[in-house]
Structures are given as structure tokens and as C-alpha cells.
$ cat final_15.tsv   # TSV, C-alpha atoms
chain	number	residue	atom	x	y	z
A	1	MET	CA	-5.41	39.10	11.75
A	2	THR	CA	-5.71	38.26	8.08
A	3	THR	CA	-1.99	37.64	7.93
A	4	PHE	CA	-2.24	35.36	10.93
A	5	ILE	CA	-4.96	33.28	9.23
A	6	ALA	CA	-2.86	33.14	6.08
A	7	ASN	CA	0.23	32.03	7.95
A	8	ALA	CA	-1.70	29.40	9.87
A	9	LEU	CA	-3.14	27.94	6.68
A	10	ILE	CA	0.27	27.96	4.99
A	11	GLY	CA	1.79	26.27	8.01
A	12	VAL	CA	-0.81	23.48	8.00
A	13	GLY	CA	-0.30	23.01	4.27
A	14	LEU	CA	3.44	22.79	4.78
A	15	ALA	CA	2.86	20.10	7.39
A	16	PHE	CA	0.81	18.09	4.89
A	17	ILE	CA	3.41	18.48	2.15
A	18	THR	CA	6.16	17.45	4.55
A	19	THR	CA	4.20	14.34	5.48
A	20	SER	CA	3.74	13.49	1.85
A	21	THR	CA	7.43	13.88	1.04
A	22	ILE	CA	8.54	11.79	4.01
A	23	ALA	CA	6.06	9.12	2.97
A	24	LEU	CA	7.53	9.18	-0.52
A	25	ILE	CA	10.89	8.32	0.99
A	26	ILE	CA	9.97	5.69	3.55
A	27	MET	CA	7.11	3.88	1.85
A	28	PRO	CA	8.09	0.51	0.40
A	29	ASP	CA	5.97	0.25	-2.69
A	30	LEU	CA	4.80	2.08	-5.79
A	31	TYR	CA	1.17	2.07	-4.69
A	32	THR	CA	1.83	3.38	-1.21
A	33	ARG	CA	4.04	6.15	-2.57
A	34	ALA	CA	1.40	7.08	-5.13
A	35	HIS	CA	-1.18	7.16	-2.35
A	36	ALA	CA	0.94	9.63	-0.39
A	37	VAL	CA	1.64	11.86	-3.36
A	38	ALA	CA	-1.87	11.93	-4.79
A	39	LYS	CA	-3.86	12.77	-1.67
A	40	SER	CA	-1.74	14.42	0.99
A	41	GLU	CA	0.16	16.53	-1.49
A	42	THR	CA	-3.01	17.86	-3.10
A	43	LEU	CA	-4.50	18.76	0.27
A	44	GLY	CA	-1.34	20.56	1.32
A	45	LEU	CA	-1.31	22.44	-1.97
A	46	LEU	CA	-4.90	23.56	-1.49
A	47	LEU	CA	-4.23	24.72	2.06
A	48	ILE	CA	-1.14	26.68	1.04
A	49	PHE	CA	-2.93	28.40	-1.85
A	50	GLY	CA	-5.91	29.13	0.35
A	51	GLY	CA	-3.54	30.72	2.83
A	52	VAL	CA	-1.88	32.80	0.13
A	53	PHE	CA	-5.34	34.14	-0.76
A	54	PHE	CA	-5.44	35.85	2.63
A	55	ARG	CA	-2.07	37.51	2.29
A	56	PRO	CA	-2.24	41.34	2.08
A	57	GLU	CA	0.15	41.39	-0.89
A	58	LEU	CA	-2.46	39.99	-3.25
A	59	ASP	CA	-4.57	42.17	-5.52
A	60	LEU	CA	-7.37	41.11	-7.85
A	61	PRO	CA	-5.36	39.99	-10.97
A	62	SER	CA	-2.93	37.91	-8.95
A	63	ALA	CA	-5.80	36.39	-6.97
A	64	ALA	CA	-7.48	35.38	-10.24
A	65	ARG	CA	-4.25	33.75	-11.43
A	66	LEU	CA	-3.89	31.98	-8.11
A	67	GLY	CA	-7.44	30.68	-8.43
A	68	LEU	CA	-6.61	29.31	-11.87
A	69	ILE	CA	-3.51	27.56	-10.54
A	70	LEU	CA	-5.49	26.16	-7.62
A	71	VAL	CA	-8.30	24.70	-9.72
A	72	PHE	CA	-5.89	23.30	-12.27
A	73	SER	CA	-3.64	21.70	-9.66
A	74	LEU	CA	-6.64	20.25	-7.86
A	75	ILE	CA	-7.64	18.47	-11.06
A	76	ALA	CA	-4.22	17.74	-12.50
A	77	ASN	CA	-2.17	16.33	-9.65
A	78	PRO	CA	-4.35	13.31	-8.80
A	79	THR	CA	-4.97	12.73	-12.50
A	80	ALA	CA	-1.27	12.53	-13.27
A	81	VAL	CA	-0.57	10.14	-10.43
A	82	HIS	CA	-3.59	8.05	-11.40
A	83	ALA	CA	-2.35	7.78	-14.99
A	84	LEU	CA	1.08	6.68	-13.81
A	85	VAL	CA	-0.26	4.05	-11.45
A	86	ARG	CA	-2.66	2.75	-14.09
A	87	ALA	CA	0.23	2.31	-16.50
A	88	ALA	CA	2.23	0.48	-13.84
A	89	THR	CA	-0.75	-1.74	-13.01
A	90	ARG	CA	-1.23	-2.67	-16.63
A	91	LEU	CA	2.41	-3.66	-16.77
A	92	GLY	CA	1.84	-5.93	-13.78
A	93	ALA	CA	3.22	-4.10	-10.77
A	94	LYS	CA	2.73	-6.22	-7.68
A	95	PRO	CA	1.49	-4.57	-4.50
A	96	TRP	CA	3.71	-4.92	-1.46
A	97	THR	CA	2.40	-7.29	1.14
A	98	VAL	CA	3.86	-7.98	4.53
A	99	VAL	CA	3.14	-11.69	4.58
A	100	ASP	CA	5.10	-13.77	2.10
A	101	GLN	CA	2.32	-16.17	1.24
A	102	GLU	CA	4.53	-18.60	-0.70
A	103	LEU	CA	6.96	-18.88	2.21
A	104	ALA	CA	4.13	-19.54	4.64
A	105	ASP	CA	2.64	-22.15	2.30
A	106	GLN	CA	6.01	-23.88	1.97
A	107	GLU	CA	6.42	-23.98	5.71
A	108	LEU	CA	2.95	-25.37	6.23
A	109	ARG	CA	3.36	-27.98	3.50
A	110	ARG	CA	6.68	-29.10	4.94
A	111	LEU	CA	5.59	-29.23	8.54
A	112	LEU	CA	1.98	-30.28	8.53
A	113	PRO	CA	1.09	-33.88	7.63
B	114	MET	CA	9.45	39.98	2.88
B	115	SER	CA	8.31	38.36	6.05
B	116	THR	CA	10.33	35.89	8.03
B	117	PHE	CA	7.55	33.32	7.94
B	118	LEU	CA	7.57	33.20	4.16
B	119	VAL	CA	11.35	32.79	4.12
B	120	ILE	CA	11.09	29.85	6.50
B	121	ALA	CA	8.29	28.34	4.41
B	122	LEU	CA	10.36	28.72	1.24
B	123	LEU	CA	13.36	27.06	2.85
B	124	THR	CA	11.14	24.20	4.05
B	125	VAL	CA	9.76	23.59	0.59
B	126	ALA	CA	13.28	23.74	-0.85
B	127	ILE	CA	14.37	21.03	1.58
B	128	LEU	CA	11.31	19.00	0.62
B	129	ILE	CA	12.29	19.29	-3.04
B	130	ALA	CA	15.75	17.99	-2.20
B	131	ILE	CA	14.21	15.05	-0.31
B	132	GLY	CA	11.90	14.30	-3.23
B	133	LEU	CA	14.87	14.35	-5.61
B	134	TYR	CA	16.37	11.52	-3.58
B	135	ARG	CA	13.44	9.32	-4.65
B	136	VAL	CA	13.93	10.43	-8.25
B	137	TRP	CA	17.55	9.34	-7.99
B	138	ALA	CA	17.03	6.12	-6.04
B	139	GLY	CA	13.59	4.99	-7.20
B	140	PRO	CA	13.91	1.39	-8.29
B	141	THR	CA	11.37	1.59	-11.08
B	142	VAL	CA	10.59	4.16	-13.71
B	143	PHE	CA	7.17	4.83	-12.22
B	144	ASP	CA	8.60	5.56	-8.79
B	145	ARG	CA	10.79	8.17	-10.40
B	146	LEU	CA	7.86	9.65	-12.29
B	147	ILE	CA	5.70	9.90	-9.18
B	148	ALA	CA	8.58	11.59	-7.37
B	149	VAL	CA	8.90	13.99	-10.32
B	150	ALA	CA	5.20	14.81	-9.98
B	151	LEU	CA	5.67	15.61	-6.30
B	152	VAL	CA	8.77	17.71	-6.97
B	153	SER	CA	7.00	19.70	-9.66
B	154	VAL	CA	4.06	20.38	-7.35
B	155	ASN	CA	6.53	21.60	-4.74
B	156	GLY	CA	8.05	23.78	-7.44
B	157	VAL	CA	4.66	25.38	-8.05
B	158	VAL	CA	4.36	26.02	-4.32
B	159	VAL	CA	7.82	27.61	-4.30
B	160	LEU	CA	6.89	29.90	-7.19
B	161	VAL	CA	3.65	31.00	-5.50
B	162	LEU	CA	5.31	31.66	-2.16
B	163	LEU	CA	8.15	33.47	-3.88
B	164	GLY	CA	5.67	35.68	-5.72
B	165	VAL	CA	4.11	36.64	-2.39
B	166	ALA	CA	7.45	37.11	-0.69
B	167	LEU	CA	8.95	39.29	-3.42
B	168	GLU	CA	5.65	41.21	-3.69
B	169	ARG	CA	5.46	40.64	-7.43
B	170	PRO	CA	2.57	38.19	-7.48
B	171	VAL	CA	1.31	38.65	-11.03
B	172	LEU	CA	4.63	37.87	-12.69
B	173	LEU	CA	5.51	34.82	-10.64
B	174	PHE	CA	1.94	33.47	-10.60
B	175	ASP	CA	2.00	33.50	-14.39
B	176	ILE	CA	5.21	31.53	-14.33
B	177	ALA	CA	3.68	29.15	-11.79
B	178	LEU	CA	0.64	28.61	-14.02
B	179	GLY	CA	2.79	27.72	-17.03
B	180	PHE	CA	4.97	25.49	-14.89
B	181	ALA	CA	1.91	23.68	-13.52
B	182	LEU	CA	0.60	23.06	-17.04
B	183	LEU	CA	3.91	21.61	-18.21
B	184	ALA	CA	4.35	19.61	-15.01
B	185	PHE	CA	0.92	18.07	-15.57
B	186	LEU	CA	1.85	16.98	-19.08
B	187	LEU	CA	5.18	15.44	-18.16
B	188	PRO	CA	4.17	12.43	-16.00
B	189	ILE	CA	1.17	11.57	-18.16
B	190	THR	CA	3.19	11.61	-21.38
B	191	LEU	CA	6.12	9.71	-19.95
B	192	GLY	CA	3.80	7.21	-18.27
B	193	ARG	CA	2.09	6.43	-21.55
B	194	TYR	CA	5.45	6.24	-23.29
B	195	PHE	CA	6.92	3.80	-20.83
B	196	GLU	CA	3.73	1.74	-20.78
B	197	ALA	CA	3.88	1.26	-24.55
B	198	ARG	CA	7.63	0.70	-24.49
B	199	MET	CA	7.51	-1.97	-21.83
B	200	ALA	CA	4.44	-3.65	-23.28
B	201	ARG	CA	6.28	-4.43	-26.53
B	202	GLU	CA	9.95	-5.15	-26.30
B	203	VAL	CA	12.22	-2.54	-27.84
B	204	VAL	CA	15.85	-3.35	-28.53
B	205	GLU	CA	18.15	-0.37	-28.86
B	206	ASP	CA	21.89	-0.88	-29.28
B	207	GLY	CA	21.60	-4.47	-28.17
B	208	VAL	CA	19.89	-3.53	-24.89
B	209	SER	CA	16.36	-4.73	-24.38
B	210	SER	CA	13.79	-2.47	-22.80
B	211	ARG	CA	12.84	-5.37	-20.54
B	212	ASP	CA	16.27	-5.16	-18.91
B	213	THR	CA	15.54	-1.86	-17.25
B	214	PRO	CA	13.53	-2.27	-14.07
B	215	THR	CA	9.97	-1.12	-14.58
B	216	THR	CA	7.64	-2.66	-12.08
B	217	HIS	CA	9.04	-5.85	-10.61
B	218	THR	CA	11.55	-4.99	-7.95
B	219	VAL	CA	12.25	-5.85	-4.38
B	220	PRO	CA	10.44	-3.31	-2.22
B	221	HIS	CA	12.89	-1.09	-0.37
B	222	GLY	CA	12.81	1.79	2.05
B	223	LEU	CA	12.63	1.94	5.80
B	224	LEU	CA	9.20	0.35	6.03
B	225	ALA	CA	10.22	-2.43	3.65
B	226	ASP	CA	13.12	-3.41	5.93
B	227	ARG	CA	10.78	-3.43	8.88
B	228	GLY	CA	8.33	-5.48	6.83
B	229	ARG	CA	11.00	-8.06	6.03
B	230	ALA	CA	11.91	-8.38	9.71
B	231	PHE	CA	8.24	-8.77	10.54
B	232	GLU	CA	7.93	-11.38	7.81
B	233	GLN	CA	10.77	-13.42	9.28
B	234	ARG	CA	9.25	-13.24	12.74
B	235	LEU	CA	5.94	-14.32	11.25
B	236	ALA	CA	7.54	-17.27	9.47
B	237	GLN	CA	9.13	-18.34	12.76
B	238	ARG	CA	5.79	-18.12	14.48
B	239	VAL	CA	4.15	-20.13	11.72
B	240	ARG	CA	6.86	-22.77	12.04
B	241	ARG	CA	6.45	-22.94	15.80
B	242	GLN	CA	2.68	-23.16	15.56
B	243	ALA	CA	2.92	-25.90	12.95
B	244	ALA	CA	5.27	-27.91	15.19
B	245	ALA	CA	2.95	-27.42	18.15
B	246	THR	CA	-0.02	-28.52	16.08
B	247	ARG	CA	1.79	-31.64	14.93
B	248	GLU	CA	2.77	-32.59	18.50
B	249	GLN	CA	-0.79	-32.03	19.57
B	250	SER	CA	-2.09	-34.21	16.79
B	251	LEU	CA	0.41	-36.95	17.69
B	252	SER	CA	-0.60	-36.98	21.35
B	253	ARG	CA	-4.22	-36.83	20.30
B	254	GLY	CA	-3.49	-39.91	18.15
B	255	VAL	CA	-2.25	-41.79	21.21
B	256	GLU	CA	-5.33	-40.84	23.15
B	257	GLU	CA	-7.55	-41.79	20.27
B	258	ARG	CA	-5.94	-45.18	20.03
B	259	ARG	CA	-6.50	-45.78	23.74
B	260	GLN	CA	-10.08	-44.63	23.34
B	261	VAL	CA	-10.58	-46.97	20.40
B	262	ALA	CA	-9.20	-49.86	22.41
B	263	GLU	CA	-11.58	-49.11	25.25
B	264	ASP	CA	-14.45	-48.90	22.82
B	265	ASP	CA	-13.49	-52.25	21.39
B	266	ALA	CA	-13.43	-53.72	24.84
B	267	VAL	CA	-16.84	-52.30	25.64
B	268	ARG	CA	-18.18	-53.54	22.34
B	269	ALA	CA	-16.71	-57.01	23.01
B	270	GLY	CA	-18.42	-57.02	26.39
B	271	ASP	CA	-21.62	-56.00	24.71
B	272	GLU	CA	-21.31	-58.82	22.23
B	273	ARG	CA	-20.73	-61.31	24.99
B	274	ARG	CA	-23.77	-60.02	26.81
B	275	ALA	CA	-25.71	-60.16	23.59
B	276	ASP	CA	-24.69	-63.78	23.09
B	277	GLU	CA	-25.93	-64.61	26.56
B	278	ARG	CA	-29.20	-62.82	25.89
B	279	ARG	CA	-29.61	-64.72	22.63
B	280	ALA	CA	-29.02	-68.00	24.44
B	281	GLU	CA	-31.60	-67.10	27.06
B	282	ASP	CA	-34.06	-66.24	24.33
B	283	GLU	CA	-33.48	-69.57	22.68
B	284	LEU	CA	-34.07	-71.38	25.98
B	285	ARG	CA	-37.31	-69.42	26.53
B	286	ALA	CA	-38.38	-70.22	22.97
B	287	GLU	CA	-37.90	-73.88	23.67
B	288	ASP	CA	-40.05	-73.57	26.78
B	289	VAL	CA	-42.89	-71.72	25.12
B	290	PRO	CA	-44.23	-73.41	22.00
B	291	PRO	CA	-44.72	-71.07	19.04
B	292	ALA	CA	-48.23	-69.66	18.66
B	293	GLU	CA	-50.24	-71.32	15.90
B	294	ASP	CA	-52.05	-69.36	13.25
B	295	GLU	CA	-55.79	-69.84	13.44
B	296	ALA	CA	-56.43	-68.78	9.90

$ encode --input "final_15.tsv" --output "C-alpha cells"
Amino acid sequence: MTTFIANALIGVGLAFITTSTIALIIMPDLYTRAHAVAKSETLGLLLIFGGVFFRPELDLPSAARLGLILVFSLIANPTAVHALVRAATRLGAKPWTVVDQELADQELRRLLP
Amino acid sequence: MSTFLVIALLTVAILIAIGLYRVWAGPTVFDRLIAVALVSVNGVVVLVLLGVALERPVLLFDIALGFALLAFLLPITLGRYFEARMAREVVEDGVSSRDTPTTHTVPHGLLADRGRAFEQRLAQRVRRQAAATREQSLSRGVEERRQVAEDDAVRAGDERRADERRAEDELRAEDVPPAEDEA
């Protein structure tokens, strides 16, 4: 039963990590990719580590180490992505927008009296 | 070593390979660094799952902890480095640091292609709407001109009637002598 809970949690975490990686490939922009990596990846990581806690192979020292890794990753992963995106923003990275506003303005200026 | 853990390990390995594609293809430095962050997190997951699967958790969890610490330092350090390097221009061997793509690139990826197609459709729609609006305004101009002409006609009729009324008033004024002030 404990193993089943562990496997279920690990499976859900793997689903989240898979979503995050696919988003990293298909997203068009730095900000959207950072969004995928910072949130979904961290949640998947937490779920996988929480599932590993329930595995019967773990004893007390390894569980303590796993807790350390979990807390550290929970803090570190969004912080790292945030630092990267802040640096890119300060350098003037433009967010991706669907509507090309300049094109639309040109069309309107040319066509409307 | 359970079958489930083997499948999970293979899945995460495939995910690492997919993330390395973004490291290779990422148009800007920061895309590559974000992909490196994701790949290193997946590496931590691989180490943890491997520790469980090989039933030597303490050893591999220690390795995972050290790897997580180093993987946290890498993107932050490189991000700060590239921020400073791109903020002031550095010329090395005749190549400017501004020549390497940092932030300003054409968005690419599957969703970006779809976005461009959507953008073109939107521009067509805007063009069509603008043409429709102009036609409408032209026809409205014709109607307005006709309306103005009718208004002028009505006003002219009013003026004629007003002239007649003024003439009648003058006739009546001639009939009735103006009242004298008794003061």
C-alpha cells in the first residue's frame, strides 16, 4: 500500500516534469519558458520527492538527506529562474505578444482617413 | 529494483535529452541558462530515483545534495555574469559582446509559428474591417449630404414662411396704432 502511494506520487510528479519540459520546447518566449520551468518543475520535484519518502527502501538518514534536498530545491529552483529572468529583463528582453501592434497601426493609418 | 522505478528513470532521461535540445537551440543566452536549470533539476531527480532503485539511498542522496547546491549556483552566477557583460560592451578578439544574441531575437518554437499565422490572419481581418468601415463612412457621407440638402430645403421653407409672417405682422402694426405711454 505504501509502495502504491509512493508510485502514484512519483507518477504525478513525472507528469508535471514532462509538462514542464514540453513547455520548454514549444513555448515561444523567454518569459513563458521561465514560467514553465519555475513553477511546474518545482511542483513535480516536490511530488516526486514526497513519493520517494514513502518508498520502503528509505531509512532515517537517507530520509533526512532527502528532506534537505527537498527544502533546498524548493527554495533554490524558483530563485535561480527568477534571477535569470530579472537579468534578462534588465537587459531589455521583450515579451512575446501575438498581436503585432506596429503592423496593425500601419494598416489602420494607411486605410482609415 | 522495481520496474516502475526503471520506467521513471528512463522517462526522466528522455526529458533530460529534450531539455538539452533547448540548451543547444535556445536563441538567447538566458534561454540556454533556463534550460540548464531544468536539466540540472532533472539530474537531481535522476540521482534520487537511482538511489532508491539501487537501494543505496544515503550515498546517492549525498551526491544529489551536492549536485543541487552546485546546480543552484550555476544559473545565478552565469546570469549575473552575462548581465554585466551585456550591459557594458566587451570586445574580445575583435568580436563585440553585443554581437552575440542575448535578449532580442525573433520568437521561435511551435507556438511562435502558430502565433505568426494568427498574426497574419489578424492583420487581414483588420484590413478588411478598415475597408468596410471606410465604405460605410463613404455611404454615410452620401446620406448625410442628402440629409443636409433636405434640411436646407426645410430651412428655406421656414424662412419663406417667416418672411410672410413678418409681412403680416407689419400689416397688423400698420392697422393698430402703437400704444402711447401715459407717463

$ interface_residues --input "final_15.tsv" --of "chain A" --to "chain B" --cutoff "8 Å" --atoms "all atoms listed in the file" --output "number ranges by chain"
A: 7, 11, 14, 18, 21-22, 24-30, 33-34, 37, 41, 45, 48-49, 52, 55, 57-58, 61-62, 65-66, 68-69, 72-73, 76-77, 80-81, 83-85, 87-88, 90-94, 96, 98-100, 103-104, 107-108, 111-113

$ atom_distance --input "final_15.tsv" --atom1 "CA of Leu70 (chain A)" --atom2 "CA of Ile10 (chain A)"
14.0 Å

$ atom_distance --input "final_15.tsv" --atom1 "CA of Ala36 (chain A)" --atom2 "CA of Thr19 (chain A)"
8.2 Å

$ atom_distance --input "final_15.tsv" --atom1 "CA of Leu160 (chain B)" --atom2 "CA of Ala126 (chain B)"
10.9 Å

$ residues_around --input "final_15.tsv" --residues "Gly44 (chain A)" --least-positions-apart "2" --cutoff "6 Å" --atoms "all atoms listed in the file" --output "PDB file with C-alpha atoms, in the frame of the given file"
ATOM      1  CA  GLY A  13      -0.300  23.010   4.270  1.00  0.00           C
ATOM      2  CA  PHE A  16       0.810  18.090   4.890  1.00  0.00           C
ATOM      3  CA  ILE A  17       3.410  18.480   2.150  1.00  0.00           C
ATOM      4  CA  GLU A  41       0.160  16.530  -1.490  1.00  0.00           C
ATOM      5  CA  THR A  42      -3.010  17.860  -3.100  1.00  0.00           C
ATOM      6  CA  LEU A  46      -4.900  23.560  -1.490  1.00  0.00           C
ATOM      7  CA  LEU A  47      -4.230  24.720   2.060  1.00  0.00           C
TER       8      LEU A  47
END

$ axis_aligned_box --input "final_15.tsv" --around "region 44-60 of chain A" --padding-each-side "3 Å" --output "AutoDock Vina command-line options"
--center_x -3.6 --center_y 31.4 --center_z -2.5 --size_x 13.5 --size_y 27.6 --size_z 16.7

$ closest_residue --input "final_15.tsv" --among "A:Ala38, A:His82, A:Phe54, A:Leu43" --to "Ala6 (chain A)" --atoms "all atoms listed in the file"
A:Phe54
